[in-house]
file work30.pdb (PDB, C-alpha atoms)
ATOM      1  CA  MET A  16       0.000   0.000   0.000  1.00  0.00           C
ATOM      2  CA  ASP A  17       1.239   3.484  -0.863  1.00  0.00           C
ATOM      3  CA  TYR A  18       0.782   5.170   2.531  1.00  0.00           C
ATOM      4  CA  LYS A  19       1.874   8.599   1.323  1.00  0.00           C
ATOM      5  CA  LYS A  20      -0.772   8.551  -1.416  1.00  0.00           C
ATOM      6  CA  HIS A  21      -3.425   7.317   1.021  1.00  0.00           C
ATOM      7  CA  ILE A  22      -2.573  10.099   3.483  1.00  0.00           C
ATOM      8  CA  GLU A  23      -2.851  12.717   0.712  1.00  0.00           C
ATOM      9  CA  LYS A  24      -6.160  11.267  -0.516  1.00  0.00           C
ATOM     10  CA  THR A  25      -7.572  11.278   3.007  1.00  0.00           C
ATOM     11  CA  ASN A  26      -6.457  14.840   3.755  1.00  0.00           C
ATOM     12  CA  GLN A  27      -7.892  16.140   0.472  1.00  0.00           C
ATOM     13  CA  GLY A  28     -11.052  14.022   0.270  1.00  0.00           C
ATOM     14  CA  ASN A  29     -12.342  13.616   3.819  1.00  0.00           C
ATOM     15  CA  HIS A  30     -14.424  16.765   4.146  1.00  0.00           C
ATOM     16  CA  PHE A  31     -15.430  15.958   7.726  1.00  0.00           C
ATOM     17  CA  MET A  32     -11.796  15.913   8.812  1.00  0.00           C
ATOM     18  CA  ILE A  33     -11.075  19.079   6.810  1.00  0.00           C
ATOM     19  CA  HIS A  34     -14.050  20.840   8.425  1.00  0.00           C
ATOM     20  CA  ASN A  35     -12.724  19.876  11.866  1.00  0.00           C
ATOM     21  CA  TYR A  36      -9.082  20.870  11.108  1.00  0.00           C
ATOM     22  CA  MET A  37      -7.808  17.293  11.460  1.00  0.00           C
ATOM     23  CA  LYS A  38      -5.076  15.697   9.362  1.00  0.00           C
ATOM     24  CA  LEU A  39      -3.873  12.160   8.922  1.00  0.00           C
ATOM     25  CA  THR A  40      -0.131  12.686   9.331  1.00  0.00           C
ATOM     26  CA  GLN A  41       1.276   9.169   9.565  1.00  0.00           C
ATOM     27  CA  MET A  42       0.166   5.731   8.510  1.00  0.00           C
ATOM     28  CA  TRP A  43       1.903   2.375   8.419  1.00  0.00           C
ATOM     29  CA  GLU A  44       0.695  -1.196   8.706  1.00  0.00           C
ATOM     30  CA  ASP A  45      -1.865  -1.429  11.538  1.00  0.00           C
ATOM     31  CA  HIS A  46      -1.098   2.120  12.797  1.00  0.00           C
ATOM     32  CA  ALA A  47      -2.080   5.709  12.087  1.00  0.00           C
ATOM     33  CA  ILE A  48      -1.772   9.162  13.636  1.00  0.00           C
ATOM     34  CA  VAL A  49      -4.302  11.983  13.263  1.00  0.00           C
ATOM     35  CA  GLU A  50      -3.279  15.455  14.415  1.00  0.00           C
ATOM     36  CA  LEU A  51      -5.064  18.723  15.113  1.00  0.00           C
ATOM     37  CA  GLU A  52      -3.967  22.308  15.529  1.00  0.00           C
ATOM     38  CA  VAL A  53      -6.576  23.494  18.032  1.00  0.00           C
ATOM     39  CA  GLN A  54      -8.898  26.212  16.711  1.00  0.00           C
ATOM     40  CA  SER A  55     -11.456  28.389  18.513  1.00  0.00           C
ATOM     41  CA  GLU A  56     -14.114  26.013  17.125  1.00  0.00           C
ATOM     42  CA  SER A  57     -12.391  23.157  18.989  1.00  0.00           C
ATOM     43  CA  HIS A  58     -13.338  24.583  22.397  1.00  0.00           C
ATOM     44  CA  ASN A  59     -16.326  23.829  24.578  1.00  0.00           C
ATOM     45  CA  LEU A  60     -18.451  26.315  26.491  1.00  0.00           C
ATOM     46  CA  PHE A  61     -15.904  26.390  29.323  1.00  0.00           C
ATOM     47  CA  GLY A  62     -12.897  27.157  27.097  1.00  0.00           C
ATOM     48  CA  GLY A  63     -11.346  23.685  27.094  1.00  0.00           C
ATOM     49  CA  ILE A  64     -10.943  21.402  24.111  1.00  0.00           C
ATOM     50  CA  HIS A  65     -14.317  19.742  23.519  1.00  0.00           C
ATOM     51  CA  GLY A  66     -14.387  16.021  24.320  1.00  0.00           C
ATOM     52  CA  GLY A  67     -16.035  15.427  20.962  1.00  0.00           C
ATOM     53  CA  VAL A  68     -12.799  16.550  19.339  1.00  0.00           C
ATOM     54  CA  PHE A  69     -10.902  13.773  21.136  1.00  0.00           C
ATOM     55  CA  LEU A  70     -13.519  11.193  20.146  1.00  0.00           C
ATOM     56  CA  THR A  71     -13.708  12.364  16.524  1.00  0.00           C
ATOM     57  CA  MET A  72      -9.934  12.326  16.096  1.00  0.00           C
ATOM     58  CA  SER A  73      -9.803   8.859  17.616  1.00  0.00           C
ATOM     59  CA  ASP A  74     -12.495   7.506  15.312  1.00  0.00           C
ATOM     60  CA  CYS A  75     -10.647   8.898  12.274  1.00  0.00           C
ATOM     61  CA  ALA A  76      -7.323   7.454  13.469  1.00  0.00           C
ATOM     62  CA  ALA A  77      -8.909   4.058  14.181  1.00  0.00           C
ATOM     63  CA  GLY A  78     -10.400   3.975  10.696  1.00  0.00           C
ATOM     64  CA  ALA A  79      -7.057   4.816   9.128  1.00  0.00           C
ATOM     65  CA  ALA A  80      -5.245   2.094  11.077  1.00  0.00           C
ATOM     66  CA  ALA A  81      -7.907  -0.424  10.064  1.00  0.00           C
ATOM     67  CA  ARG A  82      -7.587   0.650   6.395  1.00  0.00           C
ATOM     68  CA  SER A  83      -3.792   0.347   6.476  1.00  0.00           C
ATOM     69  CA  ARG A  84      -3.940  -3.030   4.725  1.00  0.00           C
ATOM     70  CA  GLY A  85      -6.044  -1.781   1.823  1.00  0.00           C
ATOM     71  CA  GLN A  86      -9.617  -2.517   2.873  1.00  0.00           C
ATOM     72  CA  SER A  87     -12.467  -0.176   3.751  1.00  0.00           C
ATOM     73  CA  TYR A  88     -13.983  -0.066   7.256  1.00  0.00           C
ATOM     74  CA  VAL A  89     -16.818   1.625   9.116  1.00  0.00           C
ATOM     75  CA  THR A  90     -17.164   1.994  12.891  1.00  0.00           C
ATOM     76  CA  LEU A  91     -19.462  -0.496  14.619  1.00  0.00           C
ATOM     77  CA  SER A  92     -18.891   0.632  18.200  1.00  0.00           C
ATOM     78  CA  ASN A  93     -16.467   2.260  20.582  1.00  0.00           C
ATOM     79  CA  SER A  94     -15.755   2.699  24.258  1.00  0.00           C
ATOM     80  CA  PHE A  95     -13.991   5.876  25.268  1.00  0.00           C
ATOM     81  CA  GLU A  96     -12.606   7.423  28.438  1.00  0.00           C
ATOM     82  CA  PHE A  97     -11.589  11.016  29.105  1.00  0.00           C
ATOM     83  CA  PHE A  98      -8.724  11.542  31.567  1.00  0.00           C
ATOM     84  CA  ARG A  99      -7.827  15.224  31.483  1.00  0.00           C
ATOM     85  CA  GLY A 100      -8.147  18.419  29.512  1.00  0.00           C
ATOM     86  CA  SER A 101      -5.320  20.307  27.905  1.00  0.00           C
ATOM     87  CA  ASP A 102      -4.532  23.858  26.914  1.00  0.00           C
ATOM     88  CA  HIS A 103      -2.018  22.776  24.275  1.00  0.00           C
ATOM     89  CA  GLU A 104      -2.555  23.998  20.757  1.00  0.00           C
ATOM     90  CA  HIS A 105      -1.571  20.664  19.207  1.00  0.00           C
ATOM     91  CA  ILE A 106      -3.045  17.252  19.980  1.00  0.00           C
ATOM     92  CA  ARG A 107      -2.759  13.881  18.287  1.00  0.00           C
ATOM     93  CA  ALA A 108      -4.561  10.542  18.225  1.00  0.00           C
ATOM     94  CA  LEU A 109      -2.296   7.495  17.952  1.00  0.00           C
ATOM     95  CA  SER A 110      -3.989   4.292  16.815  1.00  0.00           C
ATOM     96  CA  SER A 111      -2.918   0.670  16.756  1.00  0.00           C
ATOM     97  CA  VAL A 112      -4.744  -2.451  15.581  1.00  0.00           C
ATOM     98  CA  ARG A 113      -5.145  -4.937  18.437  1.00  0.00           C
ATOM     99  CA  HIS A 114      -6.980  -7.645  16.495  1.00  0.00           C
ATOM    100  CA  ARG A 115      -7.802  -8.119  12.826  1.00  0.00           C
ATOM    101  CA  GLY A 116     -10.259 -10.797  11.718  1.00  0.00           C
ATOM    102  CA  LYS A 117     -11.964 -11.388   8.361  1.00  0.00           C
ATOM    103  CA  THR A 118     -14.694  -8.795   8.971  1.00  0.00           C
ATOM    104  CA  ILE A 119     -13.930  -7.198  12.359  1.00  0.00           C
ATOM    105  CA  CYS A 120     -10.933  -5.074  13.324  1.00  0.00           C
ATOM    106  CA  VAL A 121     -10.388  -3.834  16.891  1.00  0.00           C
ATOM    107  CA  VAL A 122      -8.257  -0.703  17.256  1.00  0.00           C
ATOM    108  CA  SER A 123      -6.967   1.066  20.367  1.00  0.00           C
ATOM    109  CA  VAL A 124      -6.370   4.820  20.337  1.00  0.00           C
ATOM    110  CA  ASP A 125      -4.627   7.209  22.734  1.00  0.00           C
ATOM    111  CA  VAL A 126      -5.074  10.974  22.522  1.00  0.00           C
ATOM    112  CA  LYS A 127      -2.052  12.966  23.701  1.00  0.00           C
ATOM    113  CA  ASP A 128      -1.066  16.612  23.920  1.00  0.00           C
ATOM    114  CA  GLY A 129       2.193  18.375  23.075  1.00  0.00           C
ATOM    115  CA  GLU A 130       3.761  17.242  26.360  1.00  0.00           C
ATOM    116  CA  ASP A 131       2.853  13.615  25.600  1.00  0.00           C
ATOM    117  CA  LYS A 132       0.253  13.602  28.399  1.00  0.00           C
ATOM    118  CA  LEU A 133      -2.550  11.086  27.933  1.00  0.00           C
ATOM    119  CA  LEU A 134      -5.835  12.985  27.538  1.00  0.00           C
ATOM    120  CA  ALA A 135      -8.215  10.219  26.477  1.00  0.00           C
ATOM    121  CA  SER A 136      -8.192   6.618  25.311  1.00  0.00           C
ATOM    122  CA  GLY A 137     -10.577   4.319  23.515  1.00  0.00           C
ATOM    123  CA  THR A 138     -11.224   1.069  21.742  1.00  0.00           C
ATOM    124  CA  PHE A 139     -12.983   1.002  18.371  1.00  0.00           C
ATOM    125  CA  THR A 140     -14.582  -1.980  16.684  1.00  0.00           C
ATOM    126  CA  MET A 141     -14.506  -1.587  12.914  1.00  0.00           C
ATOM    127  CA  PHE A 142     -16.409  -3.582  10.259  1.00  0.00           C
ATOM    128  CA  CYS A 143     -14.789  -4.411   6.928  1.00  0.00           C
ATOM    129  CA  THR A 144     -16.910  -3.349   3.945  1.00  0.00           C
ATOM    130  CA  GLY A 145     -14.447  -4.537   1.279  1.00  0.00           C
ATOM    131  CA  ALA A 146     -11.681  -3.129  -0.872  1.00  0.00           C
ATOM    132  CA  ALA A 147     -10.756   0.509  -0.181  1.00  0.00           C
ATOM    133  CA  ASP A 148     -11.788   2.249  -3.397  1.00  0.00           C
ATOM    134  CA  VAL A 149     -13.373   5.299  -1.775  1.00  0.00           C
ATOM    135  CA  ASN A 150     -12.425   8.776  -0.568  1.00  0.00           C
ATOM    136  CA  CYS A 151     -11.220   7.455   2.776  1.00  0.00           C
TER     137      CYS A 151
END
call {"tool": "encode", "arguments": {"input": "work30.pdb", "output": "structure tokens"}}
result
Amino acid sequence: MDYKKHIEKTNQGNHFMIHNYMKLTQMWEDHAIVELEVQSESHNLFGGIHGGVFLTMSDCAAGAAARSRGQSYVTLSNSFEFFRGSDHEHIRALSSVRHRGKTICVVSVDVKDGEDKLLASGTFTMFCTGAADVNC
């Protein structure tokens, strides 16, 4: 798989990620990293980074890790825990496949800030829909 091409395709074609200022920055077999430069739109009512940002980044990173072997996946379910907020302007979601079956892929994701502090963590169950011939 040409990871560089897949990263470019994702960053140009995934309008949801573009709208939320997220970028797939790294991808290799069974792993992916999604990063975000925090914007004013990323904040909640109290001025912190909205928890939905952590969850959204994690879902995107989990999907990319699942797709890293050339198949397309959608999210079936997830469990997610929030540990702390952060005032850093840069956060990232690091994903790693824990189990890959014929149709199900389980991916763990950690969200960290610029000081490498763990902000949130989750597990995503992904369902394989076939060959990846879509705009990621």
call {"tool": "resolve_selection", "arguments": {"input": "work30.pdb", "expression": "the PyMOL selection byres ((chain A and resi 102) around 8)", "output": "list in words"}}
result
Gly63, Ile64, Gly100, Ser101, His103 and Glu104 of chain A
call {"tool": "residues_around", "arguments": {"input": "work30.pdb", "residues": "His105 (chain A)", "least_positions_apart": "2", "cutoff": "12 Å", "atoms": "all atoms listed in the file", "output": "list of chain:residue names"}}
result
A:Tyr36, A:Met37, A:Lys38, A:Val49, A:Glu50, A:Leu51, A:Glu52, A:Val53, A:Gln54, A:Ser57, A:Ile64, A:Val68, A:Phe69, A:Ser101, A:Asp102, A:His103, A:Arg107, A:Ala108, A:Val126, A:Lys127, A:Asp128, A:Gly129, A:Glu130, A:Asp131, A:Lys132
call {"tool": "atom_distance", "arguments": {"input": "work30.pdb", "atom1": "CA of Met141 (chain A)", "atom2": "CA of Arg99 (chain A)"}}
result
25.9 Å
call {"tool": "resolve_selection", "arguments": {"input": "work30.pdb", "expression": "the PyMOL selection byres ((chain A and resi 22) around 9)", "output": "list in words"}}
result
Asp17, Tyr18, Lys19, Lys20, His21, Glu23, Lys24, Thr25, Asn26, Gln27, Lys38, Leu39, Thr40, Gln41, Met42 and Ala79 of chain A
call {"tool": "resolve_selection", "arguments": {"input": "work30.pdb", "expression": "the PyMOL selection byres ((chain A and resi 73) around 8)", "output": "list in words"}}
result
Val49, Phe69, Leu70, Thr71, Met72, Asp74, Cys75, Ala76, Ala77, Ala108, Leu109, Ser110, Val124, Asp125, Val126 and Gly137 of chain A
call {"tool": "atom_distance", "arguments": {"input": "work30.pdb", "atom1": "CA of Arg84 (chain A)", "atom2": "CA of Ala146 (chain A)"}}
result
9.6 Å
call {"tool": "closest_residue", "arguments": {"input": "work30.pdb", "among": "A:His58, A:Gly67, A:Ser83, A:Phe31", "to": "Met16 (chain A)", "atoms": "all atoms listed in the file"}}
result
A:Ser83
call {"tool": "axis_aligned_box", "arguments": {"input": "work30.pdb", "around": "region 135-141 of chain A", "padding_each_side": "6 Å", "output": "AutoDock Vina command-line options"}}
result
--center_x -11.4 --center_y 4.1 --center_z 19.7 --size_x 18.4 --size_y 24.2 --size_z 25.6
call {"tool": "atom_distance", "arguments": {"input": "work30.pdb", "atom1": "CA of Ser92 (chain A)", "atom2": "CA of Thr140 (chain A)"}}
result
5.3 Å
call {"tool": "build_atoms", "arguments": {"input": "work30.pdb", "residues": "region 57-93 of chain A", "atoms": "N, CA and C atoms", "output": "PDB file, in the frame of the given file"}}
result
ATOM      1  N   SER A  57     -12.700  24.411  18.288  1.00  0.00           N
ATOM      2  CA  SER A  57     -12.391  23.157  18.989  1.00  0.00           C
ATOM      3  C   SER A  57     -12.753  23.218  20.469  1.00  0.00           C
ATOM      4  N   HIS A  58     -13.105  24.395  20.967  1.00  0.00           N
ATOM      5  CA  HIS A  58     -13.338  24.583  22.397  1.00  0.00           C
ATOM      6  C   HIS A  58     -14.796  24.396  22.792  1.00  0.00           C
ATOM      7  N   ASN A  59     -14.980  23.949  24.027  1.00  0.00           N
ATOM      8  CA  ASN A  59     -16.326  23.829  24.578  1.00  0.00           C
ATOM      9  C   ASN A  59     -16.739  25.140  25.240  1.00  0.00           C
ATOM     10  N   LEU A  60     -17.881  25.123  25.845  1.00  0.00           N
ATOM     11  CA  LEU A  60     -18.451  26.315  26.491  1.00  0.00           C
ATOM     12  C   LEU A  60     -17.574  26.864  27.609  1.00  0.00           C
ATOM     13  N   PHE A  61     -16.741  26.004  28.194  1.00  0.00           N
ATOM     14  CA  PHE A  61     -15.904  26.390  29.323  1.00  0.00           C
ATOM     15  C   PHE A  61     -14.484  26.773  28.915  1.00  0.00           C
ATOM     16  N   GLY A  62     -14.201  26.748  27.599  1.00  0.00           N
ATOM     17  CA  GLY A  62     -12.897  27.157  27.097  1.00  0.00           C
ATOM     18  C   GLY A  62     -11.890  26.043  26.898  1.00  0.00           C
ATOM     19  N   GLY A  63     -12.237  24.822  27.306  1.00  0.00           N
ATOM     20  CA  GLY A  63     -11.346  23.685  27.094  1.00  0.00           C
ATOM     21  C   GLY A  63     -11.604  23.036  25.744  1.00  0.00           C
ATOM     22  N   ILE A  64     -10.724  22.136  25.348  1.00  0.00           N
ATOM     23  CA  ILE A  64     -10.943  21.402  24.111  1.00  0.00           C
ATOM     24  C   ILE A  64     -12.135  20.469  24.311  1.00  0.00           C
ATOM     25  N   HIS A  65     -13.093  20.536  23.415  1.00  0.00           N
ATOM     26  CA  HIS A  65     -14.317  19.742  23.519  1.00  0.00           C
ATOM     27  C   HIS A  65     -13.986  18.256  23.455  1.00  0.00           C
ATOM     28  N   GLY A  66     -14.607  17.463  24.310  1.00  0.00           N
ATOM     29  CA  GLY A  66     -14.387  16.021  24.320  1.00  0.00           C
ATOM     30  C   GLY A  66     -14.735  15.374  22.987  1.00  0.00           C
ATOM     31  N   GLY A  67     -15.680  15.952  22.274  1.00  0.00           N
ATOM     32  CA  GLY A  67     -16.035  15.427  20.962  1.00  0.00           C
ATOM     33  C   GLY A  67     -14.891  15.505  19.975  1.00  0.00           C
ATOM     34  N   VAL A  68     -13.990  16.450  20.182  1.00  0.00           N
ATOM     35  CA  VAL A  68     -12.799  16.550  19.339  1.00  0.00           C
ATOM     36  C   VAL A  68     -11.914  15.326  19.560  1.00  0.00           C
ATOM     37  N   PHE A  69     -11.709  14.952  20.822  1.00  0.00           N
ATOM     38  CA  PHE A  69     -10.902  13.773  21.136  1.00  0.00           C
ATOM     39  C   PHE A  69     -11.514  12.515  20.512  1.00  0.00           C
ATOM     40  N   LEU A  70     -12.833  12.372  20.660  1.00  0.00           N
ATOM     41  CA  LEU A  70     -13.519  11.193  20.146  1.00  0.00           C
ATOM     42  C   LEU A  70     -13.489  11.161  18.617  1.00  0.00           C
ATOM     43  N   THR A  71     -13.721  12.292  17.987  1.00  0.00           N
ATOM     44  CA  THR A  71     -13.708  12.364  16.524  1.00  0.00           C
ATOM     45  C   THR A  71     -12.336  12.035  15.962  1.00  0.00           C
ATOM     46  N   MET A  72     -11.299  12.621  16.544  1.00  0.00           N
ATOM     47  CA  MET A  72      -9.934  12.326  16.096  1.00  0.00           C
ATOM     48  C   MET A  72      -9.636  10.832  16.242  1.00  0.00           C
ATOM     49  N   SER A  73     -10.061  10.270  17.350  1.00  0.00           N
ATOM     50  CA  SER A  73      -9.803   8.859  17.616  1.00  0.00           C
ATOM     51  C   SER A  73     -10.510   7.967  16.616  1.00  0.00           C
ATOM     52  N   ASP A  74     -11.745   8.290  16.287  1.00  0.00           N
ATOM     53  CA  ASP A  74     -12.495   7.506  15.312  1.00  0.00           C
ATOM     54  C   ASP A  74     -11.811   7.568  13.947  1.00  0.00           C
ATOM     55  N   CYS A  75     -11.351   8.743  13.552  1.00  0.00           N
ATOM     56  CA  CYS A  75     -10.647   8.898  12.274  1.00  0.00           C
ATOM     57  C   CYS A  75      -9.325   8.129  12.275  1.00  0.00           C
ATOM     58  N   ALA A  76      -8.596   8.178  13.371  1.00  0.00           N
ATOM     59  CA  ALA A  76      -7.323   7.454  13.469  1.00  0.00           C
ATOM     60  C   ALA A  76      -7.552   5.947  13.463  1.00  0.00           C
ATOM     61  N   ALA A  77      -8.590   5.489  14.161  1.00  0.00           N
ATOM     62  CA  ALA A  77      -8.909   4.058  14.181  1.00  0.00           C
ATOM     63  C   ALA A  77      -9.253   3.567  12.781  1.00  0.00           C
ATOM     64  N   GLY A  78     -10.048   4.353  12.060  1.00  0.00           N
ATOM     65  CA  GLY A  78     -10.400   3.975  10.696  1.00  0.00           C
ATOM     66  C   GLY A  78      -9.187   3.895   9.794  1.00  0.00           C
ATOM     67  N   ALA A  79      -8.270   4.825   9.952  1.00  0.00           N
ATOM     68  CA  ALA A  79      -7.057   4.816   9.128  1.00  0.00           C
ATOM     69  C   ALA A  79      -6.185   3.608   9.442  1.00  0.00           C
ATOM     70  N   ALA A  80      -6.041   3.273  10.715  1.00  0.00           N
ATOM     71  CA  ALA A  80      -5.245   2.094  11.077  1.00  0.00           C
ATOM     72  C   ALA A  80      -5.886   0.827  10.519  1.00  0.00           C
ATOM     73  N   ALA A  81      -7.203   0.740  10.609  1.00  0.00           N
ATOM     74  CA  ALA A  81      -7.907  -0.424  10.064  1.00  0.00           C
ATOM     75  C   ALA A  81      -7.704  -0.519   8.549  1.00  0.00           C
ATOM     76  N   ARG A  82      -7.741   0.621   7.859  1.00  0.00           N
ATOM     77  CA  ARG A  82      -7.587   0.650   6.395  1.00  0.00           C
ATOM     78  C   ARG A  82      -6.149   0.444   5.934  1.00  0.00           C
ATOM     79  N   SER A  83      -5.214   0.368   6.842  1.00  0.00           N
ATOM     80  CA  SER A  83      -3.792   0.347   6.476  1.00  0.00           C
ATOM     81  C   SER A  83      -3.366  -0.887   5.677  1.00  0.00           C
ATOM     82  N   ARG A  84      -4.255  -1.856   5.552  1.00  0.00           N
ATOM     83  CA  ARG A  84      -3.940  -3.030   4.725  1.00  0.00           C
ATOM     84  C   ARG A  84      -4.766  -3.062   3.443  1.00  0.00           C
ATOM     85  N   GLY A  85      -5.393  -1.922   3.120  1.00  0.00           N
ATOM     86  CA  GLY A  85      -6.044  -1.781   1.823  1.00  0.00           C
ATOM     87  C   GLY A  85      -7.519  -2.091   1.756  1.00  0.00           C
ATOM     88  N   GLN A  86      -8.185  -2.285   2.891  1.00  0.00           N
ATOM     89  CA  GLN A  86      -9.617  -2.517   2.873  1.00  0.00           C
ATOM     90  C   GLN A  86     -10.351  -1.354   3.513  1.00  0.00           C
ATOM     91  N   SER A  87     -11.637  -1.256   3.235  1.00  0.00           N
ATOM     92  CA  SER A  87     -12.467  -0.176   3.751  1.00  0.00           C
ATOM     93  C   SER A  87     -13.207  -0.636   5.005  1.00  0.00           C
ATOM     94  N   TYR A  88     -13.324   0.254   5.990  1.00  0.00           N
ATOM     95  CA  TYR A  88     -13.983  -0.066   7.256  1.00  0.00           C
ATOM     96  C   TYR A  88     -14.922   1.059   7.685  1.00  0.00           C
ATOM     97  N   VAL A  89     -15.944   0.675   8.437  1.00  0.00           N
ATOM     98  CA  VAL A  89     -16.818   1.625   9.116  1.00  0.00           C
ATOM     99  C   VAL A  89     -16.837   1.252  10.598  1.00  0.00           C
ATOM    100  N   THR A  90     -17.140   2.221  11.446  1.00  0.00           N
ATOM    101  CA  THR A  90     -17.164   1.994  12.891  1.00  0.00           C
ATOM    102  C   THR A  90     -18.451   1.296  13.298  1.00  0.00           C
ATOM    103  N   LEU A  91     -18.306   0.200  14.039  1.00  0.00           N
ATOM    104  CA  LEU A  91     -19.462  -0.496  14.619  1.00  0.00           C
ATOM    105  C   LEU A  91     -19.762   0.022  16.022  1.00  0.00           C
ATOM    106  N   SER A  92     -18.702   0.176  16.825  1.00  0.00           N
ATOM    107  CA  SER A  92     -18.891   0.632  18.200  1.00  0.00           C
ATOM    108  C   SER A  92     -17.574   1.145  18.749  1.00  0.00           C
ATOM    109  N   ASN A  93     -17.679   1.824  19.893  1.00  0.00           N
ATOM    110  CA  ASN A  93     -16.467   2.260  20.582  1.00  0.00           C
ATOM    111  C   ASN A  93     -16.747   2.408  22.064  1.00  0.00           C
TER     112      ASN A  93
END
